Each structure stands twice: as structure tokens, then as C-alpha cells.
Amino acid sequence: MKWANLLSDGPLPLVIEPEGKPEADCGSLCAWIAGHLPWLEERLLAHGGLLFRGYSVSSAAEFSRVAEGFAGPLRAYAGGESPRRAVTGRVYNSTDYPSHLDIPLHNEMSYAKSWPRKVLFYCRCPPQQGGETPLANSHEVLQSLAEDLVTRFRERGVSYLQNLHGGWGLGKSWQAVFETDDRAAVEAFCREEAIDFRWTEQGMVTEARRPALITHPLSGVEVWFNQAHLWHVSSRGEKESAALLRVCDERHLPRNALHGDGSLIDSGDLAAIRQAYAARQIAFPWRRGDVLVLDNVLVAHGRKSFEGEREILVAMA
């Protein structure tokens, strides 16, 4: 086995490749991971991301084996906001989103009370052009933001609002978000996850108040950890956001972000946050069979626009 940094200008991600075998099989990779887990965990904490490249991981089922071997039992996406579907077990397709648009960088499910510590990606089919998964160090993003902006978010936090329909309408249905049509199960989930909710004639309204910054549970490093810039209506672009705001106010959109005290988030703050991510992002072209493991607290990820077929699968732990 050999390893090296993919990019000369930074340590993210660390690439791990088979030595001597150009196409080592999935079993070899699983066995090697099992024998090197402490070292791999150290490297993941140091680099934030590991890219296993040059292995013959050829299916969603094989990716699931690798993911569970590295990260342990995988978690369901219940409560997740992004449109995605299960491919096999708890392996999902990446977010269903128009291919000509970028997905902003974010830490997976940072809007939730319990979020995945690790996020794993698998490239089953690389796109013809574009489609990279850009990465950024969340601690470096925090350090680059103005002190007064950080203070506002530290003191007020972020409130994630959803107006979910019951089967027809804009955005996702509550059945799709919670992966069930059992109202009692939804209510129990919301109570467990500290999500305020109420049922309406159209479906349900949820609100989750979360911190905007957290401390890494292992290293103690403070990181920027929220999706205010992604959830906020302005992320949809000037035309679409203006059209939505003509129909309803910021508190009645299918999805939106406010400060935790109910105040509106300043547009200048959102622009500064987006610029901080853009200035620190690292991207590399996918290759078929790549498996990328991210420390979800330390590293944010996104998606570049693309052409042609693209199939990137995801698992969380």
C-alpha cells in the first residue's frame, strides 16, 4: 500500500493506493482497512479526508462492505433534507439536483441534532465533464470569517424552517423527509431530535434551532458547522428566490434559514460565508471505483455542475 497527497498545495484528501496491484479487489481493500483502522483514524483526523483509489470496488454492495468496514454500522437518512433514494441497504444516491447547478459546500446534516461523523462517497460512474465533489476545511472557513459575523452566529445560532407538504407541492413531503408515512413515528423522531413541529392541512411545519459553530469531538478544534447559506432562500439564485418571495414571506417558504432568535440573516453575511467556502475549496476529478471518506465535522463538501451521466453513491456513519 502507498499513499500521497493528491494536490501539492494542501493535505486534503490523502490518497491511498494499492502498491504493485493496479486493480486490487474489494476484498483486499476491506482486509487492509481492518488491519489498519487505528492508523486510518489518525490520518482521517489529521487530513480530514482519505481517498482510496485504484481498487476494484464495482458495485453499491461492495461499497457498503468497505463503508461498514471503515466506519461501522451505517445510518439511515431519516430526517435528511436533500432529495435522495436508497440504492441498497443504507447506501444512497447523491443528491438529486439539476446537473447544470452547483451544490454549495456544507457539512452533512449539520442542521440535525445527531449528524454523521463520517460521510463516505463512491464513484460508480464518473461524469464526462465536471461533477467534482469540492472540499473545504471547516476550521479554516471559520478562521477566515469576520469576527463580528462569527459573533452574530455564535450568539444567535441558526433556525432551520421547513413547510412540508403531504404528497403534493413545492419541496419535499414529510413522508419523504422522515422515510415513513406513520405520523406517530414522525412525532417521536422530532421529539428525539429536538425539532419543533405542528401538523397543518397541507402537511407539517418543522423548526430546528441549532448552533452555528461546534467543537470537534476528538481534536477540540472549533469549526463552522451550519447550513445557513445553503438553506436560505437566496441560495436558489436571484430570479427563483425573488419569485418565491413574491408568493410568501421568509417564514412560509418550503425551506429557509433564519437566526435562532427568529431574526432574518443579513444578506451580506451570507455572501461572506459563500465567499469563504469558495476561496478554500479543493476539487479533483472522480475516477471509477474511487472511495472517499470524510470527517464530516472537519470537512465540508459540495458538488460541481456536470455533463453526461454521473453516479456517486453516499453512506453515512
# chains A, B, ... in the order shown; residues from 1 in each chain; ligands from 1
$ residues_around --residues "Asp295 (chain A)" --least-positions-apart "3" --cutoff "10 Å" --atoms "only C-alpha atoms" --output "list in words"
Glu41, Leu44, Leu45, Ala46, His47, Gly48, Gly49, Leu50, Asn107, Pro116, Arg117, Lys118, Val119, Leu120, Asn137, His216, Leu298, Val299 and Ala300 of chain A
$ write_last_selection --atoms "N, CA and C atoms" --output "JSON list (two decimals), in the first residue's frame"
[["chain", "number", "residue", "atom", "x", "y", "z"],
["A", 41, "GLU", "N", -7.73, 6.05, 11.21],
["A", 41, "GLU", "CA", -8.44, 7.06, 12.00],
["A", 41, "GLU", "C", -7.53, 8.24, 12.32],
["A", 44, "LEU", "N", -7.25, 10.25, 9.12],
["A", 44, "LEU", "CA", -8.50, 10.96, 8.84],
["A", 44, "LEU", "C", -8.60, 12.21, 9.70],
["A", 45, "LEU", "N", -8.23, 12.11, 10.97],
["A", 45, "LEU", "CA", -8.27, 13.27, 11.85],
["A", 45, "LEU", "C", -7.25, 14.33, 11.44],
["A", 46, "ALA", "N", -6.10, 13.88, 10.94],
["A", 46, "ALA", "CA", -5.05, 14.82, 10.54],
["A", 46, "ALA", "C", -5.36, 15.51, 9.22],
["A", 47, "HIS", "N", -5.93, 14.76, 8.26],
["A", 47, "HIS", "CA", -6.14, 15.29, 6.91],
["A", 47, "HIS", "C", -7.58, 15.72, 6.66],
["A", 48, "GLY", "N", -8.51, 15.09, 7.34],
["A", 48, "GLY", "CA", -9.92, 15.40, 7.12],
["A", 48, "GLY", "C", -10.59, 14.55, 6.07],
["A", 49, "GLY", "N", -9.80, 13.97, 5.16],
["A", 49, "GLY", "CA", -10.36, 13.14, 4.10],
["A", 49, "GLY", "C", -9.34, 12.15, 3.58],
["A", 50, "LEU", "N", -9.81, 10.94, 3.25],
["A", 50, "LEU", "CA", -8.97, 9.88, 2.67],
["A", 50, "LEU", "C", -9.62, 9.44, 1.37],
["A", 107, "ASN", "N", -21.51, 20.80, 5.61],
["A", 107, "ASN", "CA", -21.28, 19.60, 6.42],
["A", 107, "ASN", "C", -22.59, 18.83, 6.48],
["A", 116, "PRO", "N", -23.96, 12.68, 11.07],
["A", 116, "PRO", "CA", -22.93, 11.65, 10.86],
["A", 116, "PRO", "C", -21.53, 12.19, 11.13],
["A", 117, "ARG", "N", -20.74, 11.38, 11.79],
["A", 117, "ARG", "CA", -19.33, 11.75, 12.00],
["A", 117, "ARG", "C", -18.51, 11.51, 10.75],
["A", 118, "LYS", "N", -18.90, 10.50, 9.98],
["A", 118, "LYS", "CA", -18.19, 10.20, 8.74],
["A", 118, "LYS", "C", -19.19, 10.16, 7.59],
["A", 119, "VAL", "N", -18.75, 10.66, 6.45],
["A", 119, "VAL", "CA", -19.52, 10.56, 5.21],
["A", 119, "VAL", "C", -18.61, 9.92, 4.17],
["A", 120, "LEU", "N", -19.12, 8.91, 3.48],
["A", 120, "LEU", "CA", -18.32, 8.16, 2.51],
["A", 120, "LEU", "C", -18.97, 8.23, 1.14],
["A", 137, "ASN", "N", -11.88, 22.80, 4.45],
["A", 137, "ASN", "CA", -11.64, 22.60, 5.87],
["A", 137, "ASN", "C", -12.52, 23.57, 6.67],
["A", 216, "HIS", "N", -14.91, 20.10, 17.50],
["A", 216, "HIS", "CA", -14.68, 18.72, 17.04],
["A", 216, "HIS", "C", -14.57, 17.80, 18.25],
["A", 298, "LEU", "N", -14.94, 18.13, 10.32],
["A", 298, "LEU", "CA", -13.78, 18.92, 9.90],
["A", 298, "LEU", "C", -13.85, 19.37, 8.45],
["A", 299, "VAL", "N", -14.57, 18.62, 7.60],
["A", 299, "VAL", "CA", -14.54, 18.90, 6.16],
["A", 299, "VAL", "C", -15.96, 19.06, 5.61],
["A", 300, "ALA", "N", -16.17, 20.14, 4.88],
["A", 300, "ALA", "CA", -17.42, 20.36, 4.15],
["A", 300, "ALA", "C", -17.25, 19.87, 2.71]]
$ select_by_dssp --residues "region 109-298 of chain A" --states "strand (DSSP E)" --output "ChimeraX atom specification"
/A:118-125,129-130,135-137,158-165,196-199,203-210,213-215,222-224,255-259,291-295
$ write_last_selection --atoms "C-alpha atoms" --output "PDB file, in the first residue's frame"
ATOM      1  CA  LYS A 118     -18.188  10.197   8.739  1.00  0.00           C
ATOM      2  CA  VAL A 119     -19.519  10.562   5.207  1.00  0.00           C
ATOM      3  CA  LEU A 120     -18.322   8.158   2.510  1.00  0.00           C
ATOM      4  CA  PHE A 121     -18.651   8.542  -1.262  1.00  0.00           C
ATOM      5  CA  TYR A 122     -18.217   6.003  -4.043  1.00  0.00           C
ATOM      6  CA  CYS A 123     -17.786   6.763  -7.730  1.00  0.00           C
ATOM      7  CA  ARG A 124     -19.664   4.135  -9.716  1.00  0.00           C
ATOM      8  CA  CYS A 125     -19.710   6.260 -12.880  1.00  0.00           C
ATOM      9  CA  GLN A 129     -17.101  16.668 -17.587  1.00  0.00           C
ATOM     10  CA  GLY A 130     -17.220  18.433 -14.216  1.00  0.00           C
ATOM     11  CA  LEU A 135     -13.935  20.004  -0.202  1.00  0.00           C
ATOM     12  CA  ALA A 136     -13.075  22.679   2.362  1.00  0.00           C
ATOM     13  CA  ASN A 137     -11.644  22.603   5.871  1.00  0.00           C
ATOM     14  CA  VAL A 158     -29.414  29.086  13.087  1.00  0.00           C
ATOM     15  CA  SER A 159     -33.065  28.118  12.819  1.00  0.00           C
ATOM     16  CA  TYR A 160     -33.935  25.693  10.000  1.00  0.00           C
ATOM     17  CA  LEU A 161     -37.550  26.024   8.849  1.00  0.00           C
ATOM     18  CA  GLN A 162     -39.492  23.593   6.667  1.00  0.00           C
ATOM     19  CA  ASN A 163     -43.045  23.747   5.360  1.00  0.00           C
ATOM     20  CA  LEU A 164     -43.524  20.152   4.229  1.00  0.00           C
ATOM     21  CA  HIS A 165     -46.441  19.080   2.066  1.00  0.00           C
ATOM     22  CA  ASP A 196     -40.432  21.693  16.921  1.00  0.00           C
ATOM     23  CA  PHE A 197     -43.352  20.637  14.726  1.00  0.00           C
ATOM     24  CA  ARG A 198     -47.023  21.137  14.048  1.00  0.00           C
ATOM     25  CA  TRP A 199     -49.399  19.470  11.614  1.00  0.00           C
ATOM     26  CA  GLY A 203     -48.723  18.709   5.763  1.00  0.00           C
ATOM     27  CA  MET A 204     -46.475  19.866   8.597  1.00  0.00           C
ATOM     28  CA  VAL A 205     -44.166  22.676   9.685  1.00  0.00           C
ATOM     29  CA  THR A 206     -40.853  21.935  11.405  1.00  0.00           C
ATOM     30  CA  GLU A 207     -38.275  24.183  13.013  1.00  0.00           C
ATOM     31  CA  ALA A 208     -34.892  23.104  14.357  1.00  0.00           C
ATOM     32  CA  ARG A 209     -32.707  25.565  16.268  1.00  0.00           C
ATOM     33  CA  ARG A 210     -29.044  24.613  16.147  1.00  0.00           C
ATOM     34  CA  LEU A 213     -20.315  26.522  15.451  1.00  0.00           C
ATOM     35  CA  ILE A 214     -19.299  23.333  17.220  1.00  0.00           C
ATOM     36  CA  THR A 215     -16.132  21.811  18.677  1.00  0.00           C
ATOM     37  CA  GLU A 222     -13.763  24.776  16.736  1.00  0.00           C
ATOM     38  CA  VAL A 223     -15.379  24.640  13.293  1.00  0.00           C
ATOM     39  CA  TRP A 224     -18.004  26.458  11.247  1.00  0.00           C
ATOM     40  CA  ARG A 255     -37.320  25.686   3.270  1.00  0.00           C
ATOM     41  CA  ASN A 256     -35.413  28.587   4.736  1.00  0.00           C
ATOM     42  CA  ALA A 257     -32.874  29.578   7.385  1.00  0.00           C
ATOM     43  CA  LEU A 258     -33.200  32.320   9.985  1.00  0.00           C
ATOM     44  CA  HIS A 259     -31.211  33.112  13.084  1.00  0.00           C
ATOM     45  CA  VAL A 291     -13.963   5.723  -2.384  1.00  0.00           C
ATOM     46  CA  LEU A 292     -13.718   8.992  -0.443  1.00  0.00           C
ATOM     47  CA  VAL A 293     -14.013   9.075   3.364  1.00  0.00           C
ATOM     48  CA  LEU A 294     -14.585  12.444   5.049  1.00  0.00           C
ATOM     49  CA  ASP A 295     -14.557  13.594   8.638  1.00  0.00           C
TER      50      ASP A 295
END
$ atom_distance --atom1 "CA of Leu12 (chain A)" --atom2 "CA of Val87 (chain A)"
28.0 Å
$ atom_distance --atom1 "CA of Ile33 (chain A)" --atom2 "CA of Phe225 (chain A)"
28.6 Å
$ residues_around --residues "Val233 (chain A)" --least-positions-apart "6" --cutoff "9 Å" --atoms "only C-alpha atoms" --output "count of residues only"
10
$ closest_residue --among "A:Tyr277, A:Tyr55, A:Trp39, A:Phe178" --to "Glu17 (chain A)" --atoms "only C-alpha atoms"
A:Tyr55
